[in-house]
$ cat final.txt   # compact mmCIF, C-alpha atoms
# COMPACT_ATOMS: atom_id res chain seq x y z
CA MET D 1 21.85 22.97 0.47
CA ASP D 2 18.36 22.38 1.90
CA ARG D 3 16.61 19.34 0.55
CA ILE D 4 13.65 19.67 -1.82
CA ILE D 5 11.24 16.77 -1.47
CA PHE D 6 8.00 16.30 -3.39
CA HIS D 7 5.24 13.93 -2.29
CA ILE D 8 2.94 12.95 -5.17
CA ASP D 9 -0.49 11.54 -4.30
CA VAL D 10 -3.03 10.51 -6.95
CA ASN D 11 -6.44 12.01 -6.24
CA ASN D 12 -8.94 9.24 -5.55
CA ALA D 13 -6.66 6.83 -7.36
CA PHE D 14 -8.67 3.68 -8.02
CA LEU D 15 -11.81 5.51 -9.09
CA SER D 16 -9.84 8.02 -11.14
CA TRP D 17 -7.90 5.26 -12.90
CA GLU D 18 -11.07 3.26 -13.48
CA ALA D 19 -12.80 6.30 -14.99
CA HIS D 20 -9.84 7.07 -17.26
CA TYR D 21 -9.61 3.44 -18.40
CA ARG D 22 -13.32 3.28 -19.26
CA ILE D 23 -13.19 6.52 -21.25
CA THR D 24 -9.90 6.02 -23.13
CA GLU D 25 -9.79 2.25 -23.61
CA LEU D 26 -13.42 1.11 -23.44
CA HIS D 27 -14.67 4.30 -25.16
CA GLU D 28 -17.45 4.88 -22.66
CA GLU D 29 -18.99 8.33 -22.41
CA LEU D 30 -19.77 8.35 -18.70
CA ASP D 31 -17.01 9.71 -16.47
CA LEU D 32 -17.34 8.01 -13.08
CA ARG D 33 -15.78 11.04 -11.46
CA THR D 34 -18.78 13.19 -12.40
CA VAL D 35 -21.48 11.01 -10.79
CA ALA D 36 -22.14 9.30 -7.46
CA SER D 37 -19.99 6.21 -8.01
CA ALA D 38 -17.67 3.85 -6.19
CA ILE D 39 -15.28 0.95 -6.66
CA GLY D 40 -16.63 -1.92 -4.62
CA GLY D 41 -17.44 -5.59 -4.32
CA ASP D 42 -19.74 -7.87 -6.28
CA GLU D 43 -22.68 -5.81 -7.54
CA GLU D 44 -24.79 -8.92 -8.16
CA THR D 45 -24.59 -10.20 -4.59
CA ARG D 46 -24.02 -6.81 -2.90
CA HIS D 47 -21.08 -8.33 -1.00
CA GLY D 48 -17.85 -6.60 -0.20
CA ILE D 49 -16.89 -3.09 0.80
CA ILE D 50 -16.28 0.31 -0.75
CA VAL D 51 -12.69 0.61 -1.96
CA ALA D 52 -12.90 4.11 -3.50
CA LYS D 53 -15.63 6.65 -4.11
CA SER D 54 -16.20 9.78 -6.19
CA MET D 55 -16.34 13.24 -4.63
CA ILE D 56 -20.11 13.29 -5.24
CA ALA D 57 -20.53 9.96 -3.43
CA LYS D 58 -18.39 11.33 -0.60
CA SER D 59 -20.76 14.28 -0.26
CA TYR D 60 -23.52 11.78 0.58
CA GLY D 61 -21.39 10.42 3.41
CA VAL D 62 -20.15 7.30 1.58
CA LYS D 63 -16.95 6.10 3.23
CA THR D 64 -14.13 3.80 2.22
CA ALA D 65 -14.28 0.33 3.85
CA GLU D 66 -18.02 0.44 4.64
CA THR D 67 -20.26 -2.25 3.18
CA LEU D 68 -22.11 -1.77 -0.10
CA ASN D 69 -25.45 -1.90 1.73
CA GLU D 70 -24.35 0.85 4.11
CA ALA D 71 -23.21 2.98 1.18
CA ARG D 72 -26.47 2.43 -0.71
CA ARG D 73 -28.54 3.48 2.30
CA LYS D 74 -26.72 6.81 2.25
CA CYS D 75 -26.76 7.15 -1.55
CA PRO D 76 -29.56 5.06 -3.15
CA GLY D 77 -28.47 5.86 -6.70
CA LEU D 78 -24.82 4.93 -6.10
CA LEU D 79 -23.18 3.33 -9.13
CA ILE D 80 -20.84 0.56 -7.98
CA VAL D 81 -18.30 -1.02 -10.32
CA PRO D 82 -15.87 -3.89 -9.58
CA PRO D 83 -12.14 -3.22 -9.17
CA ARG D 84 -9.55 -3.91 -11.90
CA HIS D 85 -6.33 -4.19 -9.91
CA GLU D 86 -4.17 -5.02 -12.93
CA ILE D 87 -5.31 -1.81 -14.64
CA TYR D 88 -4.53 0.21 -11.52
CA LYS D 89 -1.05 -1.32 -11.33
CA LYS D 90 -0.49 -0.36 -14.96
CA TYR D 91 -1.40 3.29 -14.36
CA SER D 92 0.75 3.33 -11.22
CA ARG D 93 3.75 2.10 -13.23
CA LYS D 94 3.13 4.78 -15.85
CA MET D 95 3.19 7.49 -13.19
CA PHE D 96 6.39 6.27 -11.54
CA ASP D 97 8.04 5.90 -14.96
CA LEU D 98 7.16 9.53 -15.65
CA LEU D 99 8.62 10.61 -12.31
CA LYS D 100 11.92 8.95 -13.26
CA GLU D 101 12.22 11.56 -16.01
CA TYR D 102 12.52 14.21 -13.30
CA SER D 103 14.78 12.56 -10.73
CA PRO D 104 16.49 9.19 -10.24
CA ILE D 105 15.71 9.25 -6.51
CA ILE D 106 12.14 8.02 -6.08
CA GLU D 107 10.53 6.13 -3.21
CA LYS D 108 7.24 4.35 -3.82
CA PHE D 109 5.15 4.84 -0.67
CA SER D 110 2.12 2.92 -1.99
CA ILE D 111 0.51 2.10 -5.33
CA ASP D 112 -0.76 5.68 -5.71
CA GLU D 113 1.77 7.84 -3.92
CA GLY D 114 5.50 8.36 -3.65
CA PHE D 115 8.35 10.69 -2.74
CA ILE D 116 10.77 12.23 -5.20
CA ASP D 117 14.01 13.97 -4.18
CA MET D 118 14.43 17.06 -6.36
CA THR D 119 17.48 18.42 -4.49
CA GLY D 120 20.09 19.84 -6.86
CA ILE D 121 18.27 18.71 -10.01
CA SER D 122 18.36 22.20 -11.51
CA ASP D 123 18.77 25.84 -10.51
CA GLU D 124 15.18 26.53 -11.59
CA ILE D 125 13.79 23.95 -9.17
CA THR D 126 15.98 25.24 -6.34
CA ALA D 127 14.85 28.81 -7.02
CA ASP D 128 11.12 28.01 -7.24
CA PRO D 129 10.18 24.48 -6.14
CA ILE D 130 6.48 25.38 -5.99
CA GLN D 131 6.44 26.30 -9.66
CA ALA D 132 8.37 23.15 -10.53
CA ALA D 133 5.85 21.04 -8.62
CA ASP D 134 2.97 22.75 -10.41
CA GLU D 135 4.55 22.01 -13.79
CA LEU D 136 4.92 18.36 -12.78
CA ARG D 137 1.28 18.27 -11.68
CA GLN D 138 0.17 19.60 -15.07
CA THR D 139 2.44 17.17 -16.93
CA ILE D 140 0.97 14.17 -15.12
CA TYR D 141 -2.54 15.28 -16.05
CA ASN D 142 -1.70 16.11 -19.67
CA ARG D 143 0.15 12.85 -20.32
CA LEU D 144 -1.65 10.36 -18.09
CA GLY D 145 -5.16 11.82 -17.74
CA PHE D 146 -5.55 11.90 -13.96
CA THR D 147 -4.91 14.50 -11.28
CA VAL D 148 -2.53 14.49 -8.34
CA ASN D 149 -1.78 16.56 -5.28
CA ILE D 150 1.86 17.45 -4.69
CA GLY D 151 3.30 18.41 -1.34
CA VAL D 152 6.60 20.32 -1.28
CA SER D 153 8.98 20.55 1.67
CA SER D 154 12.49 19.91 2.92
CA CYS D 155 11.66 16.52 4.44
CA LYS D 156 9.38 13.59 3.73
CA VAL D 157 6.92 13.91 6.60
CA LEU D 158 6.15 17.56 5.86
CA ALA D 159 5.85 16.90 2.11
CA LYS D 160 3.41 14.08 2.88
CA MET D 161 1.39 16.31 5.22
CA ALA D 162 1.31 19.10 2.62
CA SER D 163 -0.07 16.83 -0.10
CA ASP D 164 -3.03 16.04 2.16
CA PHE D 165 -4.12 19.67 2.33
CA GLU D 166 -6.98 20.88 0.10
CA LYS D 167 -7.77 18.51 -2.79
CA PRO D 168 -7.96 17.76 -5.67
CA ASP D 169 -5.36 18.81 -8.23
CA LYS D 170 -3.37 21.13 -5.94
CA VAL D 171 0.21 21.93 -4.96
CA HIS D 172 0.91 22.86 -1.34
CA SER D 173 4.08 23.67 0.55
CA LEU D 174 4.89 22.98 4.18
CA PHE D 175 8.39 24.18 4.97
CA PRO D 176 9.65 24.36 8.58
CA ASP D 177 8.80 28.05 8.88
CA GLU D 178 5.19 27.27 7.86
CA ILE D 179 4.56 24.50 10.41
CA GLN D 180 3.13 26.69 13.15
CA GLU D 181 0.59 28.32 10.82
CA LYS D 182 -0.35 25.42 8.55
CA MET D 183 0.11 22.22 10.57
CA TRP D 184 -0.09 22.89 14.30
CA PRO D 185 -3.81 23.88 14.30
CA LEU D 186 -4.77 20.52 12.69
CA PRO D 187 -6.29 17.67 14.75
CA VAL D 188 -3.59 15.39 16.10
CA GLY D 189 -5.19 12.48 14.24
CA ASP D 190 -4.19 14.14 10.95
CA LEU D 191 -0.49 13.64 11.72
CA LEU D 192 1.24 10.89 9.81
CA PHE D 193 1.35 7.60 11.77
CA VAL D 194 -1.16 8.74 14.40
CA GLY D 195 -3.86 6.07 14.18
CA LYS D 196 -6.99 5.57 16.25
CA SER D 197 -5.22 3.88 19.16
CA THR D 198 -2.45 6.49 19.36
CA ARG D 199 -4.97 9.31 19.05
CA LYS D 200 -6.93 7.88 21.99
CA HIS D 201 -3.75 7.80 24.12
CA LEU D 202 -3.00 11.42 23.17
CA TYR D 203 -6.57 12.51 23.93
CA ASN D 204 -6.22 10.95 27.39
CA LEU D 205 -3.15 13.16 27.85
CA GLY D 206 -5.20 16.22 26.87
CA ILE D 207 -3.51 16.53 23.47
CA ARG D 208 -5.96 17.36 20.70
CA THR D 209 -3.93 19.21 18.06
CA ILE D 210 -0.60 18.65 16.36
CA GLY D 211 0.66 21.86 17.93
CA GLU D 212 -0.16 20.61 21.43
CA LEU D 213 1.78 17.43 20.68
CA ALA D 214 4.72 19.41 19.32
CA LEU D 215 4.91 21.59 22.45
CA SER D 216 4.42 18.73 24.91
CA ASP D 217 7.20 17.19 27.01
CA PRO D 218 8.67 14.41 24.82
CA GLU D 219 9.53 12.31 27.87
CA ILE D 220 5.86 12.14 28.83
CA ILE D 221 4.89 11.08 25.30
CA ILE D 222 7.64 8.45 25.22
CA SER D 223 6.63 7.09 28.64
CA HIS D 224 3.16 6.36 27.26
CA LEU D 225 3.93 5.42 23.64
CA GLY D 226 7.55 4.28 23.64
CA LYS D 227 9.61 4.74 20.47
CA HIS D 228 6.48 5.52 18.51
CA GLY D 229 5.92 8.48 20.82
CA LYS D 230 9.38 9.85 20.00
CA LEU D 231 8.66 9.46 16.28
CA ILE D 232 5.36 11.33 16.27
CA HIS D 233 6.70 14.05 18.59
CA ASP D 234 9.52 14.62 16.07
CA TYR D 235 7.03 14.61 13.21
CA ALA D 236 4.85 17.20 14.97
CA ASN D 237 7.92 19.44 15.07
CA GLY D 238 8.78 18.77 11.43
CA ILE D 239 11.84 16.67 12.32
CA ASP D 240 12.51 13.93 9.77
CA SER D 241 15.97 13.22 8.37
CA SER D 242 15.03 9.98 6.59
CA PRO D 243 16.23 9.85 2.98
CA VAL D 244 14.10 9.23 -0.08
CA ALA D 245 15.04 5.57 -0.48
CA SER D 246 15.16 4.53 -4.11
CA GLU D 247 14.19 0.92 -4.63
CA THR D 248 16.69 -1.16 -6.54
CA PRO D 249 16.31 -4.74 -7.74
CA ASP D 250 17.22 -7.05 -4.89
CA ALA D 251 18.57 -10.40 -5.98
CA LYS D 252 18.83 -11.59 -2.38
CA GLY D 253 15.15 -12.23 -1.82
CA TYR D 254 11.59 -12.37 -3.07
CA GLY D 255 8.69 -10.76 -1.28
CA ASN D 256 5.21 -9.37 -1.55
CA SER D 257 3.07 -7.19 0.70
CA THR D 258 -0.52 -6.02 0.76
CA THR D 259 -1.93 -2.82 2.24
CA ILE D 260 -5.48 -3.55 3.40
CA SER D 261 -8.25 -0.98 3.06
CA HIS D 262 -9.77 -1.81 6.46
CA ASP D 263 -8.64 -3.01 9.89
CA VAL D 264 -8.19 -6.78 10.01
CA THR D 265 -8.84 -8.21 13.46
CA ASP D 266 -9.69 -11.80 12.55
CA THR D 267 -7.02 -14.50 12.27
CA THR D 268 -8.87 -16.34 9.50
CA GLU D 269 -9.05 -13.22 7.31
CA ALA D 270 -5.41 -12.38 7.99
CA LYS D 271 -4.31 -15.86 6.94
CA LYS D 272 -6.31 -15.60 3.71
CA HIS D 273 -4.24 -12.52 2.84
CA LEU D 274 -1.07 -14.37 3.84
CA LEU D 275 -1.98 -17.34 1.63
CA SER D 276 -2.48 -15.02 -1.34
CA LEU D 277 0.94 -13.48 -0.69
CA CYS D 278 2.57 -16.91 -0.34
CA GLU D 279 1.05 -17.97 -3.66
CA SER D 280 2.55 -14.93 -5.35
CA VAL D 281 5.98 -15.38 -3.77
CA GLY D 282 6.05 -19.12 -4.43
CA SER D 283 5.07 -18.59 -8.05
CA ARG D 284 7.89 -16.09 -8.58
CA LEU D 285 10.43 -18.42 -6.97
CA ARG D 286 9.34 -21.29 -9.23
CA LYS D 287 9.35 -19.07 -12.30
CA ASP D 288 13.02 -18.22 -11.64
CA HIS D 289 13.87 -21.83 -10.69
CA VAL D 290 15.13 -20.86 -7.25
CA CYS D 291 14.33 -21.83 -3.66
CA ALA D 292 14.28 -19.87 -0.39
CA GLY D 293 16.04 -20.94 2.78
CA VAL D 294 14.58 -18.23 5.03
CA VAL D 295 11.01 -16.93 5.20
CA ALA D 296 9.64 -13.96 7.15
CA VAL D 297 6.30 -12.35 7.94
CA SER D 298 5.81 -8.63 8.60
CA ILE D 299 2.80 -6.92 10.15
CA LYS D 300 1.93 -3.22 10.33
CA ASN D 301 -0.95 -2.30 12.61
CA SER D 302 -3.43 0.58 12.35
CA ASP D 303 -0.99 2.82 14.23
CA PHE D 304 1.66 1.98 11.60
CA VAL D 305 3.78 0.10 14.12
CA ARG D 306 5.62 -2.69 12.32
CA SER D 307 6.65 -6.09 13.70
CA SER D 308 8.27 -9.04 11.95
CA HIS D 309 9.47 -12.58 12.57
CA GLN D 310 11.55 -14.97 10.48
CA CYS D 311 12.84 -18.54 10.53
CA THR D 312 15.30 -20.73 8.65
CA LEU D 313 13.78 -23.73 6.87
CA GLN D 314 15.18 -27.23 7.27
CA SER D 315 15.78 -27.19 3.52
CA PRO D 316 15.21 -24.52 0.83
CA THR D 317 11.83 -24.58 -0.89
CA ASN D 318 9.62 -22.85 -3.45
CA SER D 319 6.50 -24.76 -2.42
CA THR D 320 3.55 -22.49 -1.68
CA SER D 321 2.21 -24.83 0.99
CA ARG D 322 5.53 -25.14 2.84
CA ILE D 323 6.07 -21.39 2.78
CA TYR D 324 2.49 -20.78 3.95
CA ASP D 325 2.71 -23.31 6.81
CA CYS D 326 5.83 -21.61 8.12
CA ILE D 327 4.39 -18.11 7.65
CA CYS D 328 1.29 -19.06 9.65
CA ARG D 329 3.44 -20.27 12.54
CA LEU D 330 5.45 -17.06 12.45
CA PHE D 331 2.26 -14.98 12.30
CA ASP D 332 0.81 -16.74 15.35
CA GLU D 333 4.02 -16.02 17.26
CA CYS D 334 4.30 -12.42 16.10
CA TRP D 335 0.78 -10.93 16.08
CA ASP D 336 -0.30 -9.19 19.28
CA GLY D 337 -3.95 -8.84 18.24
CA ALA D 338 -3.76 -5.17 17.20
CA PRO D 339 -5.80 -4.23 14.07
CA ILE D 340 -3.76 -5.03 10.95
CA ARG D 341 -3.36 -2.69 7.95
CA LEU D 342 -0.42 -4.31 6.16
CA LEU D 343 0.86 -7.86 5.82
CA GLY D 344 4.06 -8.95 4.11
CA VAL D 345 5.77 -12.20 3.20
CA SER D 346 9.44 -12.19 2.27
CA THR D 347 12.13 -14.76 1.56
CA SER D 348 15.91 -14.73 1.53
CA LYS D 349 18.92 -17.03 1.35
CA ILE D 350 18.02 -17.84 -2.24
CA SER D 351 19.60 -20.82 -3.99
CA SER D 352 19.27 -22.46 -7.38
CA GLU D 353 16.55 -25.09 -7.60
CA SER D 354 19.05 -27.53 -9.07
CA MET D 355 21.36 -27.05 -6.05
CA GLN D 356 18.64 -27.73 -3.48
CA GLN D 357 19.72 -30.17 -0.77
CA ILE D 358 17.05 -32.63 0.28
CA SER D 359 16.70 -33.10 4.03
CA LEU D 360 15.98 -36.45 5.65
CA LEU D 361 12.39 -35.37 6.31
CA ASP D 362 11.99 -34.38 2.65
CA HIS D 363 13.32 -37.75 1.56
CA MET D 364 10.96 -39.63 3.89
CA ASP D 365 8.02 -37.64 2.49
CA SER D 366 9.25 -37.48 -1.11
CA GLU D 367 6.03 -38.81 -2.65
CA LYS D 368 3.98 -36.07 -1.00
CA ASN D 369 6.55 -33.44 -2.03
CA GLN D 370 6.50 -34.60 -5.63
CA LYS D 371 2.71 -34.41 -5.73
CA GLN D 372 2.82 -30.90 -4.27
CA LYS D 373 5.47 -29.86 -6.79
CA LYS D 374 3.36 -31.13 -9.70
CA LEU D 375 0.30 -29.35 -8.30
CA ASP D 376 2.17 -26.04 -7.97
CA SER D 377 3.51 -26.39 -11.52
CA ALA D 378 0.06 -27.15 -12.91
CA ILE D 379 -1.48 -24.13 -11.15
CA ASP D 380 1.36 -21.88 -12.40
CA GLU D 381 0.83 -23.05 -15.97
CA ILE D 382 -2.96 -22.52 -15.87
CA ARG D 383 -2.53 -19.01 -14.50
CA ARG D 384 0.19 -18.21 -17.01
CA LYS D 385 -2.10 -19.14 -19.90
CA PHE D 386 -5.46 -17.94 -18.65
CA GLY D 387 -4.76 -15.31 -16.00
CA ASP D 388 -4.38 -15.17 -12.21
CA ASN D 389 -8.10 -15.71 -11.59
CA ALA D 390 -8.40 -18.80 -13.80
CA ILE D 391 -7.98 -21.08 -10.80
CA GLN D 392 -8.56 -20.21 -7.14
CA ARG D 393 -8.41 -21.97 -3.82
CA ALA D 394 -11.77 -22.79 -2.27
CA ARG D 395 -11.15 -20.53 0.72
CA PHE D 396 -10.96 -17.52 -1.63
CA LEU D 397 -14.45 -18.07 -3.04
CA ASP D 398 -16.84 -15.25 -2.10
CA THR D 399 -13.89 -13.34 -0.67
CA GLU D 400 -13.48 -9.82 -2.00
CA LYS D 401 -9.88 -8.76 -2.50
CA ASN D 402 -10.20 -5.14 -1.47
CA SER D 403 -6.49 -4.56 -1.02
CA HIS D 404 -3.65 -3.58 -3.33
CA GLN D 405 -0.37 -5.38 -3.57
CA THR D 406 3.08 -4.05 -4.03
CA GLU D 407 5.81 -6.41 -5.12
CA LYS D 408 9.30 -6.15 -3.71
CA GLY D 409 12.49 -7.87 -4.67

$ encode --input "final.txt" --output "structure tokens"
Amino acid sequence: MDRIIFHIDVNNAFLSWEAHYRITELHEELDLRTVASAIGGDEETRHGIIVAKSMIAKSYGVKTAETLNEARRKCPGLLIVPPRHEIYKKYSRKMFDLLKEYSPIIEKFSIDEGFIDMTGISDEITADPIQAADELRQTIYNRLGFTVNIGVSSCKVLAKMASDFEKPDKVHSLFPDEIQEKMWPLPVGDLLFVGKSTRKHLYNLGIRTIGELALSDPEIIISHLGKHGKLIHDYANGIDSSPVASETPDAKGYGNSTTISHDVTDTTEAKKHLLSLCESVGSRLRKDHVCAGVVAVSIKNSDFVRSSHQCTLQSPTNSTSRIYDCICRLFDECWDGAPIRLLGVSTSKISSESMQQISLLDHMDSEKNQKQKKLDSAIDEIRRKFGDNAIQRARFLDTEKNSHQTEKG
């Protein structure tokens, strides 16, 4: 049986969720989706960047990741509202909970999109997957109040490509026999995992469309782009056998990652994101009274090439500062300077806090460790009572968090 894969992508997620929240929970009359509006940084200081924008704002040329001043020059009447990441996480959970009613095999691709394997769910879906996808699209809107695009295919990459066709609130198919007509004429930069750097390499090879990439000699592509070249050549031909990987609770480790809305090329900015991730991971470890013996950093660049590095600690820990110090060393060893779009911090080799073995170095520095432990506990308690933003590190002041986080583990 051929697979049936849906890719669900929320249309203009953050702005759509913000608009729905304001109408249904704050009882406001204005729908942000119907005016020139955007989710952005601090409106008082005009700092930060555009995280999401309405279709009307887009028509003025407003782009994601540009500064508020740049956006206002293009659209003087632009209404900018601050992000509410907790609200967006809530709506994301609601959507994925709804998807679980249709299939147990769901892969969360990001906060606002995911894959769902509909293979063999019912004879009706097998007979007419397009109609089934359209019914799911309507159900999401009727029950949750926001629109999605759904791509339908026999593999993940084609389903993902299909969902990016005409928007909003549409269902599109891209089966193997439709590739030549629907996908090959598109610019090569539209192909999944072809970023700016890869596109430049392909342009230098005279490859401008997905079809030209698909029909090119794979050995030439691989000689210039390595394994990544093999991947995108396969994708251009609709070849993707990867399964929809359902996430299951993983008791072996704790981790957190952040997808960043713009290219990060500065070490200082990257380490601010890493510190935020370490705070989250450390807090979760302490909450469960466990320690980690291994920590790891992962980096995904703007071409979606991932690299990672890990190390074993001298003794298990749940201290934010110890985890962060190690992560920074790993980052310095691992990062090749390419623009960063995702950063992750993960831990493994988990042990009970009560079973932690104290190393000689820990014993020699026990007073410092005890002070750090009390500080971490005090910060955890303040945030538990008054919210995550009740207390912040000085380096986060005036820093806009324009990324969304996805917890793992």

$ atom_distance --input "final.txt" --atom1 "atom CA of Ala292 of chain D" --atom2 "atom CA of Ser92 of chain D"
29.0 Å

$ residues_around --input "final.txt" --residues "Gln138 of chain D" --least-positions-apart "4" --cutoff "12 Å" --atoms "only C-alpha atoms" --output "PyMOL selection string"
chain D and resi 131-134+142-150+169-171

$ residues_around --input "final.txt" --residues "Leu330 of chain D" --least-positions-apart "3" --cutoff "7 Å" --atoms "all atoms listed in the file" --output "MDAnalysis selection string"
chainID D and resid 297 309:310 326:327 333:334

$ residues_around --input "final.txt" --residues "Leu213 of chain D" --least-positions-apart "4" --cutoff "7 Å" --atoms "all atoms listed in the file" --output "ChimeraX atom specification"
/D:207,209,233,236

$ closest_residue --input "final.txt" --among "D:Asn237, D:Ser298, D:Ser59, D:Asn11" --to "Val35 of chain D" --atoms "only C-alpha atoms"
D:Ser59

$ residues_around --input "final.txt" --residues "Lys63 of chain D" --least-positions-apart "4" --cutoff "8 Å" --atoms "only C-alpha atoms" --output "list in words"
Ile50, Lys53, Lys58 and Ala71 of chain D

$ closest_residue --input "final.txt" --among "D:Ile8, D:Ile221, D:Leu343, D:Ile350" --to "Ser163 of chain D" --atoms "all atoms listed in the file"
D:Ile8

$ atom_distance --input "final.txt" --atom1 "atom CA of Glu101 of chain D" --atom2 "atom CA of Thr139 of chain D"
11.3 Å

$ residues_around --input "final.txt" --residues "Ser283 of chain D" --least-positions-apart "4" --cutoff "9 Å" --atoms "only C-alpha atoms" --output "list in words"
Cys278, Glu279, Lys287, Asp288, Asn318, Ser319, Thr320, Asp376, Ser377 and Asp380 of chain D

$ residues_near_point --input "final.txt" --point "(8.7, -25.3, 1.8)" --cutoff "10 Å" --atoms "all atoms listed in the file" --output "JSON list (two decimals) with C-alpha atoms, in the coordinates of the input"
[["chain", "number", "residue", "atom", "x", "y", "z"],
["D", 282, "GLY", "CA", 6.05, -19.12, -4.43],
["D", 291, "CYS", "CA", 14.33, -21.83, -3.66],
["D", 292, "ALA", "CA", 14.28, -19.87, -0.39],
["D", 293, "GLY", "CA", 16.04, -20.94, 2.78],
["D", 294, "VAL", "CA", 14.58, -18.23, 5.03],
["D", 295, "VAL", "CA", 11.01, -16.93, 5.20],
["D", 313, "LEU", "CA", 13.78, -23.73, 6.87],
["D", 314, "GLN", "CA", 15.18, -27.23, 7.27],
["D", 315, "SER", "CA", 15.78, -27.19, 3.52],
["D", 316, "PRO", "CA", 15.21, -24.52, 0.83],
["D", 317, "THR", "CA", 11.83, -24.58, -0.89],
["D", 318, "ASN", "CA", 9.62, -22.85, -3.45],
["D", 319, "SER", "CA", 6.50, -24.76, -2.42],
["D", 320, "THR", "CA", 3.55, -22.49, -1.68],
["D", 321, "SER", "CA", 2.21, -24.83, 0.99],
["D", 322, "ARG", "CA", 5.53, -25.14, 2.84],
["D", 323, "ILE", "CA", 6.07, -21.39, 2.78],
["D", 324, "TYR", "CA", 2.49, -20.78, 3.95],
["D", 325, "ASP", "CA", 2.71, -23.31, 6.81],
["D", 326, "CYS", "CA", 5.83, -21.61, 8.12],
["D", 362, "ASP", "CA", 11.99, -34.38, 2.65],
["D", 369, "ASN", "CA", 6.55, -33.44, -2.03]]
